[in-house]
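The structure file data_20.txt is reproduced below (compact mmCIF, C-alpha atoms).
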```
# COMPACT_ATOMS: atom_id res chain seq x y z
CA MET A 1 -158.17 55.44 -51.12
CA PRO A 2 -156.42 58.34 -49.38
CA GLY A 3 -152.65 58.16 -49.50
CA HIS A 4 -152.54 55.08 -51.67
CA PRO A 5 -149.68 55.05 -54.22
CA ARG A 6 -151.89 54.34 -57.22
CA ASN A 7 -148.97 54.02 -59.62
CA ALA A 8 -147.15 51.42 -57.57
CA ARG A 9 -146.94 48.11 -59.45
CA MET A 10 -145.09 45.99 -56.89
CA ARG A 11 -144.96 46.28 -53.16
CA ARG A 12 -143.85 44.23 -50.18
CA LEU A 13 -146.96 42.99 -48.44
CA LEU A 14 -145.62 41.68 -45.17
CA PRO A 15 -144.67 44.27 -42.56
CA ASP A 16 -141.02 44.41 -41.62
CA ASP A 17 -141.09 43.22 -38.04
CA PRO A 18 -138.09 42.07 -36.01
CA GLU A 19 -140.13 39.13 -34.76
CA THR A 20 -141.13 37.95 -38.20
CA PRO A 21 -139.65 34.44 -38.56
CA ARG A 22 -137.28 34.20 -41.52
CA SER A 23 -136.72 30.48 -41.69
CA ARG A 24 -140.27 29.11 -42.05
CA THR A 25 -141.34 28.43 -45.61
CA ILE A 26 -144.94 29.63 -45.40
CA ASP A 27 -144.13 32.72 -43.39
CA ALA A 28 -141.18 34.21 -45.28
CA PRO A 29 -141.84 37.71 -46.67
CA ILE A 30 -143.15 37.54 -50.22
CA VAL A 31 -143.32 40.16 -52.95
CA PHE A 32 -146.46 39.93 -55.07
CA PHE A 33 -147.23 41.61 -58.36
CA VAL A 34 -150.19 43.87 -57.73
CA PRO A 35 -151.84 45.36 -60.82
CA ASP A 36 -152.65 49.04 -60.75
CA ALA A 37 -156.36 49.80 -60.50
CA LYS A 38 -156.62 51.17 -64.02
CA PHE A 39 -155.68 47.77 -65.44
CA GLN A 40 -158.49 45.94 -63.67
CA PRO A 41 -161.34 44.66 -65.85
CA SER A 42 -163.99 46.52 -63.82
CA CYS A 43 -162.25 49.82 -64.56
CA LEU A 44 -161.53 49.42 -68.27
CA SER A 45 -164.84 50.51 -69.70
CA GLY A 46 -165.46 53.76 -67.89
CA HIS A 47 -167.33 52.24 -64.94
CA HIS A 48 -164.75 53.37 -62.40
CA ASP A 49 -165.71 53.31 -58.76
CA ARG A 50 -163.72 53.41 -55.56
CA VAL A 51 -163.60 49.63 -55.26
CA CYS A 52 -161.29 49.62 -58.29
CA SER A 53 -158.61 50.92 -55.99
CA ALA A 54 -159.98 49.16 -52.91
CA VAL A 55 -159.00 45.73 -54.20
CA ILE A 56 -155.32 46.64 -54.09
CA GLU A 57 -155.54 47.73 -50.48
CA GLU A 58 -155.31 45.29 -47.59
CA PRO A 59 -157.99 42.57 -47.80
CA GLU A 60 -161.14 43.30 -45.79
CA PHE A 61 -163.22 40.51 -44.30
CA ALA A 62 -166.31 40.64 -42.10
CA ILE A 63 -168.10 38.35 -39.69
CA VAL A 64 -171.41 39.00 -37.94
CA VAL A 65 -171.85 37.62 -34.42
CA CYS A 66 -174.75 37.93 -31.97
CA ARG A 67 -175.22 36.18 -28.66
CA ASP A 68 -178.68 34.77 -28.05
CA LYS A 69 -180.63 36.62 -25.35
CA ASP A 70 -181.55 33.23 -23.94
CA ASP A 71 -178.80 32.55 -21.37
CA SER A 72 -179.52 28.82 -21.14
CA PRO A 73 -176.48 26.49 -21.10
CA LYS A 74 -177.34 25.32 -24.62
CA LYS A 75 -177.22 28.87 -25.98
CA ALA A 76 -174.05 29.68 -24.02
CA ASN A 77 -172.41 26.61 -25.51
CA ASP A 78 -173.48 27.80 -28.95
CA PHE A 79 -171.54 31.05 -28.44
CA GLN A 80 -168.52 29.13 -27.15
CA ARG A 81 -168.67 26.96 -30.27
CA GLN A 82 -168.69 30.10 -32.40
CA LEU A 83 -165.65 31.41 -30.55
CA ARG A 84 -163.80 28.17 -31.25
CA GLN A 85 -164.65 28.43 -34.92
CA ILE A 86 -163.70 32.11 -35.14
CA SER A 87 -160.39 31.38 -33.44
CA VAL A 88 -159.58 28.75 -36.08
CA LEU A 89 -160.71 31.09 -38.87
CA PHE A 90 -158.37 33.80 -37.56
CA LYS A 91 -155.53 31.31 -37.11
CA SER A 92 -155.80 29.94 -40.64
CA ALA A 93 -155.96 33.47 -42.10
CA ALA A 94 -152.92 34.71 -40.16
CA THR A 95 -150.93 31.57 -40.92
CA LEU A 96 -151.51 31.58 -44.67
CA THR A 97 -151.57 35.27 -45.51
CA ALA A 98 -148.61 37.09 -47.00
CA GLN A 99 -149.93 40.51 -46.02
CA THR A 100 -152.00 42.31 -43.42
CA VAL A 101 -155.67 41.30 -43.33
CA THR A 102 -158.44 43.39 -41.77
CA PHE A 103 -161.39 41.74 -40.03
CA ASN A 104 -164.53 43.79 -39.46
CA ILE A 105 -166.28 42.38 -36.41
CA VAL A 106 -169.97 43.26 -36.56
CA ALA A 107 -171.52 42.33 -33.23
CA ASP A 108 -174.52 42.89 -30.99
CA SER A 109 -172.44 44.46 -28.19
CA TYR A 110 -169.00 45.79 -27.42
CA THR A 111 -168.57 42.88 -24.99
CA THR A 112 -169.05 40.40 -27.83
CA TYR A 113 -166.65 42.40 -30.02
CA GLU A 114 -164.01 42.52 -27.28
CA THR A 115 -164.32 38.80 -26.57
CA ILE A 116 -163.69 38.05 -30.25
CA THR A 117 -160.78 40.46 -30.71
CA ASN A 118 -159.10 39.05 -27.60
CA LEU A 119 -158.88 35.62 -29.25
CA THR A 120 -155.50 36.59 -30.73
CA ALA A 121 -154.12 38.24 -27.57
CA SER A 122 -151.73 35.39 -26.75
CA TRP A 123 -150.31 35.09 -30.27
CA PRO A 124 -146.71 36.05 -31.06
CA THR A 125 -146.48 39.70 -32.08
CA ALA A 126 -145.57 38.90 -35.69
CA TYR A 127 -148.81 36.98 -36.16
CA ARG A 128 -151.02 39.42 -34.24
CA GLN A 129 -149.83 42.13 -36.61
CA ARG A 130 -151.10 40.19 -39.61
CA LEU A 131 -154.71 40.58 -38.44
CA VAL A 132 -156.09 44.06 -37.93
CA PHE A 133 -159.48 44.51 -36.29
CA SER A 134 -161.55 47.48 -37.36
CA GLU A 135 -163.37 49.53 -34.74
CA TYR A 136 -166.51 48.08 -33.21
CA LYS A 137 -169.55 48.05 -35.48
CA GLN A 138 -172.93 47.20 -34.03
CA VAL A 139 -175.24 44.97 -36.04
CA PHE A 140 -177.43 47.29 -38.06
CA TYR A 141 -180.99 46.68 -39.18
CA PRO A 142 -182.65 49.50 -41.15
CA PRO A 143 -186.09 50.72 -40.01
CA GLY A 144 -188.77 48.16 -40.73
CA THR A 145 -186.38 45.19 -40.98
CA LYS A 146 -186.04 44.03 -37.37
CA LYS A 147 -188.63 41.29 -37.86
CA ILE A 148 -186.04 39.34 -39.84
CA LYS A 149 -183.28 39.76 -37.22
CA ASN A 150 -183.85 36.33 -35.67
CA LEU A 151 -184.69 34.36 -38.79
CA PHE A 152 -182.71 31.09 -38.83
CA ARG A 153 -180.16 32.17 -36.16
CA PRO A 154 -179.63 35.47 -34.30
CA CYS A 155 -178.38 38.12 -36.74
CA ALA A 156 -177.97 35.60 -39.58
CA THR A 157 -179.54 38.22 -41.84
CA GLY A 158 -177.18 40.94 -40.61
CA LYS A 159 -174.86 40.24 -43.55
CA LEU A 160 -177.52 41.60 -45.90
CA PHE A 161 -177.09 45.09 -44.46
CA LEU A 162 -173.29 45.33 -44.51
CA PRO A 163 -173.45 48.10 -47.17
CA GLN A 164 -175.05 50.31 -44.48
CA THR A 165 -173.20 48.84 -41.48
CA LEU A 166 -169.80 49.40 -43.08
CA GLN A 167 -170.46 52.81 -44.60
CA ASP A 168 -166.74 53.65 -44.66
CA LYS A 169 -165.81 50.54 -46.65
CA ASP A 170 -165.79 50.10 -50.43
CA ALA A 171 -165.59 46.31 -50.47
CA VAL A 172 -165.59 43.41 -48.05
CA VAL A 173 -165.71 39.62 -48.08
CA PHE A 174 -168.29 38.31 -45.63
CA LEU A 175 -167.58 34.91 -44.05
CA ASP A 176 -169.75 32.68 -41.91
CA THR A 177 -167.93 31.92 -38.67
CA ASP A 178 -167.75 28.20 -39.46
CA THR A 179 -165.14 28.61 -42.21
CA LEU A 180 -161.38 28.16 -42.37
CA PHE A 181 -158.78 29.04 -44.99
CA LEU A 182 -156.68 26.49 -46.87
CA MET A 183 -155.29 29.04 -49.33
CA PRO A 184 -154.15 32.62 -48.63
CA PRO A 185 -157.16 34.85 -47.82
CA GLU A 186 -155.96 37.51 -50.26
CA MET A 187 -156.66 35.08 -53.10
CA LEU A 188 -160.35 35.17 -52.20
CA TRP A 189 -160.27 38.96 -51.81
CA ARG A 190 -158.80 39.31 -55.31
CA LYS A 191 -161.94 37.79 -56.80
CA LEU A 192 -163.08 41.41 -56.84
CA TYR A 193 -160.67 41.83 -59.77
CA ALA A 194 -162.82 39.43 -61.78
CA PHE A 195 -166.06 41.43 -61.46
CA ASN A 196 -167.26 42.99 -64.69
CA PRO A 197 -168.56 46.61 -64.57
CA SER A 198 -172.09 45.56 -63.60
CA GLN A 199 -171.42 42.83 -61.03
CA ILE A 200 -172.10 43.72 -57.41
CA ILE A 201 -171.58 40.53 -55.41
CA GLY A 202 -169.89 37.13 -55.71
CA ILE A 203 -171.63 34.02 -54.36
CA ALA A 204 -170.86 30.32 -54.85
CA PRO A 205 -173.47 27.85 -56.12
CA CYS A 206 -175.01 25.20 -53.88
CA LEU A 207 -174.36 22.39 -56.44
CA HIS A 208 -176.84 20.24 -54.55
CA GLU A 209 -180.57 20.42 -54.02
CA CYS A 210 -181.07 23.51 -51.86
CA SER A 211 -184.08 23.18 -49.59
CA THR A 212 -185.62 26.27 -51.21
CA VAL A 213 -186.41 24.05 -54.21
CA PHE A 214 -188.83 22.03 -52.10
CA LYS A 215 -190.63 25.09 -50.71
CA ASN A 216 -191.63 26.35 -54.15
CA LEU A 217 -189.59 29.52 -53.79
CA PRO A 218 -187.85 31.16 -56.76
CA ILE A 219 -184.19 30.21 -56.92
CA TYR A 220 -181.09 31.35 -58.76
CA GLY A 221 -180.39 29.20 -61.80
CA SER A 222 -182.42 26.27 -62.96
CA ARG A 223 -181.86 23.90 -60.07
CA HIS A 224 -179.19 24.39 -57.44
CA GLY A 225 -179.30 27.96 -56.19
CA LEU A 226 -176.68 29.76 -54.11
CA ASN A 227 -175.06 29.23 -50.72
CA THR A 228 -174.57 32.53 -48.89
CA GLY A 229 -171.90 31.50 -46.36
CA VAL A 230 -169.33 33.51 -48.35
CA LEU A 231 -170.17 36.83 -50.00
CA VAL A 232 -167.63 38.85 -52.01
CA MET A 233 -169.26 42.27 -51.82
CA ASN A 234 -168.66 45.46 -53.78
CA LEU A 235 -170.31 47.65 -51.15
CA THR A 236 -170.08 50.77 -53.30
CA ARG A 237 -172.14 49.17 -56.05
CA LEU A 238 -174.56 47.54 -53.62
CA ARG A 239 -175.36 50.97 -52.19
CA GLY A 240 -176.25 52.09 -55.71
CA PHE A 241 -178.41 49.03 -56.49
CA GLU A 242 -181.38 50.03 -58.63
CA GLY A 243 -184.51 50.42 -56.55
CA GLY A 244 -182.48 50.26 -53.34
CA TRP A 245 -180.72 47.19 -51.93
CA THR A 246 -182.66 47.25 -48.65
CA GLU A 247 -185.94 48.03 -50.39
CA ASN A 248 -185.58 44.99 -52.63
CA ILE A 249 -184.74 42.77 -49.66
CA MET A 250 -187.77 43.97 -47.71
CA HIS A 251 -190.06 43.48 -50.70
CA ILE A 252 -188.99 39.81 -50.72
CA VAL A 253 -189.42 39.49 -46.94
CA ASN A 254 -192.90 40.96 -47.04
CA LYS A 255 -193.95 38.77 -49.97
CA TYR A 256 -192.60 35.42 -48.77
CA ASN A 257 -192.55 36.02 -45.01
CA THR A 258 -192.84 32.67 -43.14
CA LYS A 259 -191.48 30.65 -46.08
CA LEU A 260 -187.97 32.08 -45.59
CA GLN A 261 -186.64 29.25 -43.45
CA LEU A 262 -183.04 29.78 -44.57
CA ALA A 263 -183.29 33.54 -44.08
CA ASP A 264 -180.58 35.39 -46.03
CA GLN A 265 -179.95 32.41 -48.31
CA ASP A 266 -183.58 32.24 -49.38
CA ILE A 267 -183.73 36.02 -49.78
CA LEU A 268 -180.68 36.22 -52.06
CA ASN A 269 -181.79 33.21 -54.08
CA ILE A 270 -185.13 34.88 -54.70
CA LEU A 271 -183.48 38.18 -55.57
CA PHE A 272 -181.12 36.64 -58.12
CA SER A 273 -183.80 34.38 -59.57
CA ASN A 274 -184.69 37.49 -61.57
CA LYS A 275 -182.78 37.01 -64.82
CA THR A 276 -182.01 40.71 -65.20
CA ILE A 277 -180.68 41.03 -61.64
CA ALA A 278 -178.80 37.72 -62.04
CA LYS A 279 -176.52 39.47 -64.54
CA GLN A 280 -175.16 41.46 -61.59
CA LEU A 281 -174.00 38.30 -59.82
CA TYR A 282 -170.45 37.00 -60.06
CA GLN A 283 -170.48 33.23 -59.59
CA LEU A 284 -167.76 32.45 -57.10
CA GLY A 285 -165.91 29.17 -57.52
CA CYS A 286 -167.16 26.38 -55.25
CA GLU A 287 -163.58 25.82 -54.03
CA TRP A 288 -164.10 29.02 -51.98
CA ASN A 289 -167.15 27.62 -50.20
CA TYR A 290 -166.56 23.88 -49.97
CA ARG A 291 -169.27 22.29 -47.83
CA PRO A 292 -170.16 18.71 -46.79
CA ASN A 293 -172.98 18.53 -49.33
CA LEU A 294 -170.42 18.81 -52.11
CA CYS A 295 -169.07 15.36 -51.24
CA SER A 296 -171.57 13.67 -48.90
CA SER A 297 -173.21 11.70 -51.73
CA GLY A 298 -169.93 9.86 -52.34
CA THR A 299 -168.90 11.98 -55.33
CA ASN A 300 -167.18 15.35 -55.52
CA LYS A 301 -169.60 17.88 -57.02
CA CYS A 302 -167.08 20.73 -57.15
CA LYS A 303 -164.93 20.26 -60.25
CA SER A 304 -162.78 23.30 -59.54
CA ALA A 305 -161.83 21.90 -56.14
CA ASN A 306 -160.71 18.72 -57.89
CA GLU A 307 -158.43 20.82 -60.08
CA LEU A 308 -157.32 23.54 -57.66
CA GLY A 309 -157.97 22.14 -54.20
CA VAL A 310 -160.18 23.72 -51.56
CA GLY A 311 -159.52 27.39 -50.81
CA LEU A 312 -162.04 27.84 -47.99
CA LEU A 313 -163.64 24.99 -46.06
CA HIS A 314 -167.17 25.66 -44.79
CA GLY A 315 -168.33 23.42 -41.96
CA ASN A 316 -171.99 24.44 -42.07
CA ALA A 317 -174.66 22.64 -40.05
CA LEU A 318 -172.19 22.13 -37.14
CA THR A 319 -170.02 19.90 -39.31
CA PHE A 320 -166.77 21.02 -37.69
CA VAL A 321 -167.89 19.86 -34.25
CA ASN A 322 -170.56 17.15 -34.51
CA GLY A 323 -168.38 14.47 -36.13
CA ILE A 324 -171.00 13.42 -38.67
CA VAL A 325 -168.69 14.27 -41.58
CA ILE A 326 -165.44 13.02 -40.08
CA LYS A 327 -163.12 14.48 -42.74
CA PHE A 328 -164.36 18.01 -41.98
CA LYS A 329 -163.97 17.51 -38.24
CA ILE A 330 -160.42 16.24 -38.76
CA MET A 331 -159.55 19.38 -40.72
CA PHE A 332 -161.02 21.63 -38.02
CA ASP A 333 -159.46 19.73 -35.12
CA ALA A 334 -156.01 19.84 -36.69
CA TRP A 335 -156.16 23.60 -37.17
CA GLU A 336 -157.56 24.10 -33.67
CA GLN A 337 -154.68 22.08 -32.18
CA HIS A 338 -152.07 23.77 -34.38
CA GLN A 339 -149.94 26.21 -32.41
CA ILE A 340 -149.60 29.40 -34.41
CA GLY A 341 -145.99 29.91 -35.40
CA GLU A 342 -145.25 26.19 -35.61
CA SER A 343 -144.41 24.45 -38.88
CA VAL A 344 -147.28 24.40 -41.36
CA THR A 345 -145.51 21.58 -43.17
CA ALA A 346 -145.85 19.52 -40.00
CA LEU A 347 -149.56 20.43 -39.87
CA LEU A 348 -149.96 19.24 -43.46
CA GLU A 349 -148.24 15.94 -42.74
CA ARG A 350 -150.43 15.33 -39.68
CA LEU A 351 -153.51 16.00 -41.76
CA LYS A 352 -152.40 13.58 -44.46
CA THR A 353 -151.88 10.83 -41.90
CA THR A 354 -155.11 11.42 -39.98
CA LEU A 355 -157.30 11.81 -43.07
CA HIS A 356 -155.87 8.64 -44.61
CA GLN A 357 -156.99 6.67 -41.55
CA GLN A 358 -160.63 7.61 -42.25
CA ASN A 359 -161.07 6.50 -45.85
CA LYS A 360 -163.48 3.62 -45.22
CA SER A 361 -166.47 5.60 -43.98
CA PRO A 362 -169.42 6.44 -46.28
CA GLY A 363 -170.15 9.89 -47.62
CA CYS A 364 -167.24 12.30 -48.11
CA SER A 365 -164.71 9.74 -46.92
CA SER A 366 -165.60 7.48 -49.86
CA VAL A 367 -164.95 10.15 -52.50
CA LEU A 368 -162.06 9.23 -54.77
CA PHE A 369 -159.03 11.42 -53.96
CA ILE A 370 -160.96 13.36 -51.30
CA ASP A 371 -157.80 13.84 -49.21
CA ARG A 372 -156.01 15.40 -52.17
CA ILE A 373 -159.01 17.65 -52.82
CA LEU A 374 -159.03 18.85 -49.21
CA LEU A 375 -155.27 19.36 -48.96
CA GLN A 376 -154.16 20.40 -52.43
CA GLY A 377 -154.79 24.10 -51.81
CA LEU A 378 -152.73 24.08 -48.62
CA GLU A 379 -149.99 21.99 -50.24
CA ASN A 380 -149.79 24.30 -53.25
CA THR A 381 -149.56 27.32 -50.96
CA LEU A 382 -146.59 25.77 -49.19
CA LYS A 383 -144.89 24.99 -52.49
CA ARG A 384 -145.34 28.56 -53.74
CA HIS A 385 -143.72 29.93 -50.61
CA GLN A 386 -140.67 27.66 -50.61
```

Represent the structure of the file as structure tokens.
Amino acid sequence: MPGHPRNARMRRLLPDDPETPRSRTIDAPIVFFVPDAKFQPSCLSGHHDRVCSAVIEEPEFAIVVCRDKDDSPKKANDFQRQLRQISVLFKSAATLTAQTVTFNIVADSYTTYETITNLTASWPTAYRQRLVFSEYKQVFYPPGTKKIKNLFRPCATGKLFLPQTLQDKDAVVFLDTDTLFLMPPEMLWRKLYAFNPSQIIGIAPCLHECSTVFKNLPIYGSRHGLNTGVLVMNLTRLRGFEGGWTENIMHIVNKYNTKLQLADQDILNILFSNKTIAKQLYQLGCEWNYRPNLCSSGTNKCKSANELGVGLLHGNALTFVNGIVIKFKIMFDAWEQHQIGESVTALLERLKTTLHQQNKSPGCSSVLFIDRILLQGLENTLKRHQ
């Protein structure tokens, strides 16, 4: 990266700003140890690429958002729901980060981009400065791929083409818009450190019966497959994927066509069902993509979340807003109501109280220690920053 002090071993990650609060535990400036690129595992064996240095830059995240061309009230409400979710995602990231975080907003129009970037306009300056928005990037579909643009939901497959969309980026973490952080976002970004020299992308396992199993499609692993709501992407390596990243995707699309009901998720499961290609996958911990299906059966299927807590909560299938999985809606509602800059300790205490009142429902609410699982990551973050 141009201008980066490659030999620096420690650096202050929060900007010095006169408005930065000094008394709040979670928001006090923190000095982290940041290993130099040459000490990272992916750089030790001669497989150096630019992402080796990229992971010690500011974390880069990406979301892909398209408004449906159908202007019906239902579709308009769908976009408003997305804006609510994105606002909470931004708020959780800015609240928990100890450094500046960049969000790449990939959208179908500048109007959509501007609407999203304006979500933080009313925040205090100190918090606005923690989130940096990259310049507008339009959703990109290579020639011959537009037929998959509207699979599942508008632009749901746009994440597959981020290596081309974000040509100036070496690495990025893609997030579905229905996610929120419970641990600092830079902890997820640093999963790039864990990639070996051949790994190109990090994806968390489903850990439940993915619907692809029942459609007789190839799937990663022997049973559960992958959930593609979070993708830790080494864009440099993806661009160099053998046979072409886009070419491999389109081969799958052309072969399975109408069977791809889950769009990008089906495509990536089929791709990594190949045992040779599967070696290029880094299996992301399920605590960084914790979804209702990991607890809806009444047991917690994510062992690492039991040990570490949830790092990123994923309210897929409208879980944050439809109230079917009440614990997830409580988590979302609390963050939505939280005023940025207010005490995070107070937020944690409110969550403990509200979650405890909903322990008699079936599904996730009946999981032993589910409240601790959901809150341990946030609680540990607060403790580290005291």

Which residues of region 74-97 of chain A come within 9 Å of region 102-118 of chain A, and what is each one's closest atom pair and distance in Å (one decimal), counting only C-alpha atoms, sorted by chain and residue number, as JSON lines?
```
{"residue": "A:Leu83", "atom": "CA", "partner": "A:Ile116", "partner_atom": "CA", "distance": 6.9}
{"residue": "A:Ile86", "atom": "CA", "partner": "A:Ile116", "partner_atom": "CA", "distance": 7.7}
{"residue": "A:Ser87", "atom": "CA", "partner": "A:Ile116", "partner_atom": "CA", "distance": 8.1}
{"residue": "A:Phe90", "atom": "CA", "partner": "A:Phe103", "partner_atom": "CA", "distance": 8.8}
```

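When all atoms listed in the file are used to compute distances to Phe61 (chain A), the closest of the residues A:Pro163, A:Pro185, A:Pro154, A:Gly341 turns out to be A:Pro185.
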
Exercise for review: Do a neighbour search on Pro124 (chain A) at 9 Å with all atoms listed in the file, toss out local chain neighbours closer than 3 positions, and write the hits as a PyMOL selection string.
Suggested key: chain A and resi 19+120-121+127-129+340-341

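For the residues A:Ile63, A:Ala171, A:Leu217, A:Leu294, ranking by smallest atom-to-atom distance to Leu268 (chain A) using only C-alpha atoms places A:Leu217 first.
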
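Near Lys191 (chain A), within 10 Å and counting all atoms listed in the file, sit Val55, Val173, Glu186, Gly202, Val232, Met233, Tyr282, Leu284 and Gly285 of chain A, not including residues fewer than 5 positions from it in the same chain.
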
Practice item. Might you pull out every residue within 7 Å of Val367 (chain A), with only C-alpha atoms counted and same-chain residues fewer than 2 positions away left off, and present them as a PyMOL selection string? Key: chain A and resi 295+298-300+364-365+369-370

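CA of Val88 (chain A) to CA of Thr179 (chain A) spans 8.3 Å [interatomic distance, one decimal].
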
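In this comparison, which uses all atoms listed in the file, the residue of A:Arg130, A:Lys159, A:His251, A:Lys259 approaching Phe174 (chain A) most closely is A:Lys159.
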
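Between CA of Ile277 (chain A) and CA of Tyr220 (chain A) the separation is 10.1 Å.
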
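Interatomic distance, CA of Glu342 (chain A) to CA of Ala93 (chain A): 14.5 Å.
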
**Study point:** Residue nearest Leu375 (chain A) - candidates A:Phe328, A:Phe140, A:Tyr193, A:Tyr256, atoms counted: only C-alpha atoms
**Key:** A:Phe328

Review point. With only C-alpha atoms as the basis for distance, which of A:Ile373, A:Gln99, A:His314, A:Thr145 is at the shortest distance from Asn257 (chain A)?
Key: A:Thr145

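If all atoms listed in the file are the atoms counted, then among A:Leu188, A:Leu382, A:Met331, A:Leu355 the closest residue to Leu96 (chain A) is A:Leu382.
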
Check your understanding: Contacts of Thr157 (chain A) at 12 Å or less, counting only C-alpha atoms, minus same-chain residues fewer than 2 places along, as a ChimeraX atom specification?
Key -> /A:63-66,139-142,145-155,159-162,174,176,228-229,246,249-250,253,260-268

Selected residues written out with C-alpha atoms, as a short mmCIF file (atom, residue, chain, number, x, y, z; two decimals), in the coordinates of the input:
```cif
data_model
loop_
_atom_site.label_atom_id
_atom_site.label_comp_id
_atom_site.auth_asym_id
_atom_site.auth_seq_id
_atom_site.Cartn_x
_atom_site.Cartn_y
_atom_site.Cartn_z
CA ILE A 63 -168.10 38.35 -39.69
CA VAL A 64 -171.41 39.00 -37.94
CA VAL A 65 -171.85 37.62 -34.42
CA CYS A 66 -174.75 37.93 -31.97
CA VAL A 139 -175.24 44.97 -36.04
CA PHE A 140 -177.43 47.29 -38.06
CA TYR A 141 -180.99 46.68 -39.18
CA PRO A 142 -182.65 49.50 -41.15
CA THR A 145 -186.38 45.19 -40.98
CA LYS A 146 -186.04 44.03 -37.37
CA LYS A 147 -188.63 41.29 -37.86
CA ILE A 148 -186.04 39.34 -39.84
CA LYS A 149 -183.28 39.76 -37.22
CA ASN A 150 -183.85 36.33 -35.67
CA LEU A 151 -184.69 34.36 -38.79
CA PHE A 152 -182.71 31.09 -38.83
CA ARG A 153 -180.16 32.17 -36.16
CA PRO A 154 -179.63 35.47 -34.30
CA CYS A 155 -178.38 38.12 -36.74
CA LYS A 159 -174.86 40.24 -43.55
CA LEU A 160 -177.52 41.60 -45.90
CA PHE A 161 -177.09 45.09 -44.46
CA LEU A 162 -173.29 45.33 -44.51
CA PHE A 174 -168.29 38.31 -45.63
CA ASP A 176 -169.75 32.68 -41.91
CA THR A 228 -174.57 32.53 -48.89
CA GLY A 229 -171.90 31.50 -46.36
CA THR A 246 -182.66 47.25 -48.65
CA ILE A 249 -184.74 42.77 -49.66
CA MET A 250 -187.77 43.97 -47.71
CA VAL A 253 -189.42 39.49 -46.94
CA LEU A 260 -187.97 32.08 -45.59
CA GLN A 261 -186.64 29.25 -43.45
CA LEU A 262 -183.04 29.78 -44.57
CA ALA A 263 -183.29 33.54 -44.08
CA ASP A 264 -180.58 35.39 -46.03
CA GLN A 265 -179.95 32.41 -48.31
CA ASP A 266 -183.58 32.24 -49.38
CA ILE A 267 -183.73 36.02 -49.78
CA LEU A 268 -180.68 36.22 -52.06
#
```

Review point. Quick one: residues within 8 Å of Gln283 (chain A), all atoms listed in the file counted, chain neighbours fewer than 6 positions away excluded, as a list in words?
Key: Gly202, Ile203, Ala204 and Pro205 of chain A
